[in-house]
Amino acid sequence: MKKNRIAVAYSGGLDTSVIVKWLQEHYDADIITVTGNLGQKKELKGVAEKAYKTGAKKVYIQDLTKEFVEDYIFPALKAGALYEQSYPMATAIGRPLLAKALVEVAKRERCTAIAHGCTGKGNDQVRFEVAVMALAPELKILAPVREWEFKSREEEIAYCERHGIPVSATKKNPYSIDENLWGTAIECGVLEDPMVEPPADAYQCTVAPEDAPNKAGVVTIEFRQGVPVKIDGKTLKPTALIEKLNTLGGAHGIGRLDMIENRLVGIKSREIYEAPGATILHFAHRELERLTLDKETSHYKAKISNDYADLIYNGLWFSPLKKALDGFVNATQKNVTGTVKLRLYKGNLTVSGRTSPFSLYDTNLATYTSGDTFDHASAEGFIKIYGLPLKTYHKVNRSNSILRKKKLLRRKK
Ligand code: ARG
């Protein structure tokens with residue numbers, strides 16, 4: 001009989017290492033590991049070697065950074081997608097791309113199943129599996145962590161030792177960390193108590209605001225149709241641009257977030273995020289939209305941003321609705337071109353200027369000087385009509401007229 005072939009989403013950490021061996025044992029399968037580079041700073045060197053040592057038949061390390069920025073980060077940025085108005089969703093937008101890479105390898109390698117290392121109470125299992133269901137419904141999905149016998153990290157380590165799987169000697173990080181170019185998510189350990197202030201060592205890439213420089217940083221960001229293209233007048237490749245803002249923002253304590261969020265699986269969880277570049281870009285992008293979007297589109301888009309964020313957070317990246325919303329968002333971005341000037345100071349981000357060839361700000365209309373072209377006389381008629389419903393309502397409901405009506409009612413009885 002031909003051996004099963006399973007493609008495994010592999011990070012090189014403890015769980016996914018155990019998975020490789022565990023699947024070989026339980027499914028008598030050849031394991032092909034797939035590791036995606038989403039621009040995380042954590043070194044991927046050594047991951048391939050480790051996968052082979054753990055028993056992988058074949059190993060794929062895929063550089064997905066460019067695709068991640070162009071097809072995942074920028075659409076989410078243009079959409080203004082912040083889950084529960086706050087979280088820029090680095091993890092949530094990374095998962096569908098990892099799933100896509102996994103499916104591609106699974107198909108090329110004629111696998112019949114894929115496996116991931118997500119637990120049974122997070123969002124990531126949903127995002128992974130729904131994406132695989134959309135892209136390759138014929139593939140079986142395995143989630144060993146949801147079903148295996150190990151109850152603790154120690155048991156997993158003992159299993160590794162029994163099977164000669166290399167476990168890195170480094171001390172266990174007290175937190176569970178997921179990192180990519182768009183941001184870092186930090187959970188577990190003492191952070192599980194929502195009243196406990198995150199210890200300094202929980203933060204990976206930002207300084208505490210009080211340790212940030214006493215002098216404000218100033219940065220200008222130029223956008224073309226909603227996409228950032230230049231920093232301080234210099235054109236940068238998308239990845240380099242985000243990296244630069246991560247470094248700059250991190251040094252000024254920008255982009256820290258401590259939030260209680262609603263997971264798709266019904267749990268409230270406490271999450272710490274660091275996303276300096278994402279925070280700066282969302283902020284700057286929104287400021288440019290204030291200048292370039294007409295009022296109705298701007299107000300309507302805020303509702304779409306919310307829906308878009310929910311959709312992505314809840315694992316529906318490859319849905320027809322997501323595509324349709326992208327159509328709307330792209331139409332709104334036609335004139336979101338221009339430059340925003342920001343100040344970064346001890347964890348705070350403020351806008352200090354904005355300009356655009358498509359600016360809808362008309363000085364002649366806004367000014368209180370002699371250059372004023374606004375038609376003041378029209379205001380009178382406008383207000384008369386605009387206020388008419390309220391005037392009518394209050395005429396009927398004035399207190400003395402109510403009294404009169406009550407008396408009338410009493411007399412009738
Ligand atoms: N709660 C966030 C989300 O659902 C972050 C999850 C982080 N994942 C992790 N494996 N640490 O997007």
# chains A, B, ... in the order shown; residues from 1 in each chain; ligands from 1
$ residues_around --residues "Gly117 (chain A)" --least-positions-apart "4" --cutoff "8 Å" --atoms "only C-alpha atoms" --output "short mmCIF file (atom, residue, chain, number, x, y, z; two decimals) with N, CA, C and O atoms, in the first residue's frame"
data_model
loop_
_atom_site.label_atom_id
_atom_site.label_comp_id
_atom_site.auth_asym_id
_atom_site.auth_seq_id
_atom_site.Cartn_x
_atom_site.Cartn_y
_atom_site.Cartn_z
N ALA A 9 1.99 22.31 8.72
CA ALA A 9 2.41 23.70 8.96
C ALA A 9 3.39 23.67 10.13
O ALA A 9 3.01 23.34 11.25
N TYR A 10 4.62 23.98 9.86
CA TYR A 10 5.71 23.72 10.82
C TYR A 10 6.41 25.02 11.21
O TYR A 10 6.85 25.79 10.36
N ASP A 15 5.42 22.17 19.81
CA ASP A 15 4.21 21.50 19.34
C ASP A 15 4.36 20.91 17.95
O ASP A 15 4.05 19.74 17.72
N THR A 16 4.83 21.75 17.02
CA THR A 16 4.88 21.24 15.64
C THR A 16 5.98 20.18 15.49
O THR A 16 5.88 19.32 14.62
N ILE A 19 4.31 17.08 16.56
CA ILE A 19 3.33 16.70 15.53
C ILE A 19 3.96 15.84 14.43
O ILE A 19 3.38 14.84 14.00
N ALA A 143 -5.74 18.09 13.25
CA ALA A 143 -5.33 19.06 14.28
C ALA A 143 -4.87 18.26 15.50
O ALA A 143 -5.60 18.18 16.50
N PRO A 144 -3.67 17.68 15.44
CA PRO A 144 -3.22 16.78 16.51
C PRO A 144 -3.32 17.36 17.91
O PRO A 144 -3.70 16.66 18.85
N VAL A 145 -3.01 18.65 18.06
CA VAL A 145 -3.01 19.24 19.41
C VAL A 145 -4.39 19.13 20.05
O VAL A 145 -4.51 19.05 21.28
#
$ residues_near_ligand --ligand "ligand 1" --cutoff "7 Å" --atoms "only C-alpha atoms and all ligand atoms" --output "number ranges by chain"
A: 89-92, 122-124, 176-178, 185-187, 263, 271, 313
$ residues_around --residues "region 322-326 of chain A" --least-positions-apart "6" --cutoff "8 Å" --atoms "only C-alpha atoms" --output "list in words"
Pro75, Ala79, Ile304, Tyr308, Leu311 and Leu316 of chain A
$ closest_residue --among "A:Gly80, A:Pro174, A:Pro213, A:Gly189" --to "His285 (chain A)" --atoms "only C-alpha atoms"
A:Gly80
$ residues_around --residues "Gly55 (chain A)" --least-positions-apart "6" --cutoff "8 Å" --atoms "only C-alpha atoms" --output "number ranges by chain"
A: 20-21, 31
$ residues_around --residues "Asp193 (chain A)" --least-positions-apart "3" --cutoff "8 Å" --atoms "only C-alpha atoms" --output "list of chain:residue names"
A:Val190, A:Val196, A:Arg270
$ select_by_dssp --residues "region 240-404 of chain A" --states "strand (DSSP E)" --output "PDB file with C-alpha atoms, in the first residue's frame"
ATOM      1  CA  ARG A 256       1.572  48.825  22.226  1.00  0.00           C
ATOM      2  CA  LEU A 257      -1.895  47.538  22.887  1.00  0.00           C
ATOM      3  CA  ASP A 258      -3.305  45.754  25.927  1.00  0.00           C
ATOM      4  CA  MET A 259      -6.775  44.518  25.123  1.00  0.00           C
ATOM      5  CA  ILE A 260      -9.574  42.183  26.114  1.00  0.00           C
ATOM      6  CA  GLU A 261     -10.964  40.786  22.904  1.00  0.00           C
ATOM      7  CA  ASN A 262     -13.853  38.581  21.857  1.00  0.00           C
ATOM      8  CA  LYS A 268     -12.849  36.671  26.025  1.00  0.00           C
ATOM      9  CA  SER A 269      -9.068  36.750  26.049  1.00  0.00           C
ATOM     10  CA  ARG A 270      -6.461  39.214  27.183  1.00  0.00           C
ATOM     11  CA  GLU A 271      -3.968  40.010  24.467  1.00  0.00           C
ATOM     12  CA  ILE A 272      -0.886  42.161  24.323  1.00  0.00           C
ATOM     13  CA  TYR A 273       0.070  43.419  20.911  1.00  0.00           C
ATOM     14  CA  GLU A 274       2.977  45.345  19.507  1.00  0.00           C
ATOM     15  CA  GLY A 338      -0.848  62.473  -0.584  1.00  0.00           C
ATOM     16  CA  THR A 339       1.456  63.018   2.336  1.00  0.00           C
ATOM     17  CA  VAL A 340       0.908  62.956   6.072  1.00  0.00           C
ATOM     18  CA  LYS A 341       3.331  64.380   8.611  1.00  0.00           C
ATOM     19  CA  LEU A 342       3.415  62.767  12.047  1.00  0.00           C
ATOM     20  CA  ARG A 343       5.063  63.290  15.393  1.00  0.00           C
ATOM     21  CA  LEU A 344       6.061  60.330  17.514  1.00  0.00           C
ATOM     22  CA  TYR A 345       6.545  61.147  21.141  1.00  0.00           C
ATOM     23  CA  ASN A 348       1.929  59.018  21.306  1.00  0.00           C
ATOM     24  CA  LEU A 349       1.205  59.577  17.691  1.00  0.00           C
ATOM     25  CA  THR A 350      -0.091  62.929  16.478  1.00  0.00           C
ATOM     26  CA  VAL A 351      -0.655  64.370  13.052  1.00  0.00           C
ATOM     27  CA  SER A 352       1.080  67.648  12.351  1.00  0.00           C
ATOM     28  CA  GLY A 353       0.210  68.132   8.680  1.00  0.00           C
ATOM     29  CA  ARG A 354      -1.371  66.612   5.593  1.00  0.00           C
ATOM     30  CA  THR A 355      -1.535  67.471   1.921  1.00  0.00           C
TER      31      THR A 355
END
$ select_by_dssp --residues "region 80-249 of chain A" --states "helix (DSSP H, G or I)" --output "JSON, numbers by chain"
{"A": [90, 91, 92, 93, 94, 95, 96, 97, 98, 99, 100, 101, 102, 103, 104, 105, 106, 107, 108, 124, 125, 126, 127, 128, 129, 130, 131, 132, 133, 134, 135, 144, 145, 146, 147, 153, 154, 155, 156, 157, 158, 159, 160, 161, 162, 189, 190, 191, 192, 200, 201, 202, 209, 210, 211, 238, 239, 240, 241, 242, 243, 244, 245, 246, 247, 248, 249]}
$ atom_distance --atom1 "CA of Ser305 (chain A)" --atom2 "CA of Leu248 (chain A)"
26.5 Å
$ atom_distance --atom1 "CA of Glu149 (chain A)" --atom2 "CA of Trp22 (chain A)"
10.4 Å
$ residues_around --residues "region 360-363 of chain A" --least-positions-apart "5" --cutoff "8 Å" --atoms "only C-alpha atoms" --output "compact mmCIF listing (two decimals) with all heavy atoms, in the first residue's frame"
# COMPACT_ATOMS: atom_id res chain seq x y z
N LEU A 291 -8.93 63.92 4.71
CA LEU A 291 -8.71 65.04 3.79
C LEU A 291 -9.29 64.75 2.40
O LEU A 291 -9.72 65.67 1.71
CB LEU A 291 -7.18 65.26 3.68
CG LEU A 291 -6.68 66.48 2.92
CD1 LEU A 291 -7.03 67.76 3.69
CD2 LEU A 291 -5.17 66.40 2.70
N THR A 292 -9.29 63.49 2.00
CA THR A 292 -9.56 63.20 0.59
C THR A 292 -10.91 62.51 0.32
O THR A 292 -11.35 62.49 -0.83
CB THR A 292 -8.44 62.31 0.00
OG1 THR A 292 -8.31 61.15 0.82
CG2 THR A 292 -7.12 63.05 -0.05
N LEU A 293 -11.51 61.92 1.33
CA LEU A 293 -12.81 61.27 1.09
C LEU A 293 -13.94 62.26 1.35
O LEU A 293 -13.89 63.04 2.31
CB LEU A 293 -13.01 60.06 2.03
CG LEU A 293 -12.11 58.84 1.86
CD1 LEU A 293 -12.65 57.69 2.72
CD2 LEU A 293 -12.02 58.41 0.41
N ASP A 294 -14.96 62.21 0.53
CA ASP A 294 -16.14 63.03 0.79
C ASP A 294 -16.84 62.48 2.03
O ASP A 294 -16.64 61.32 2.41
CB ASP A 294 -17.09 62.98 -0.41
CG ASP A 294 -17.59 61.57 -0.64
OD1 ASP A 294 -16.82 60.76 -1.17
OD2 ASP A 294 -18.73 61.26 -0.26
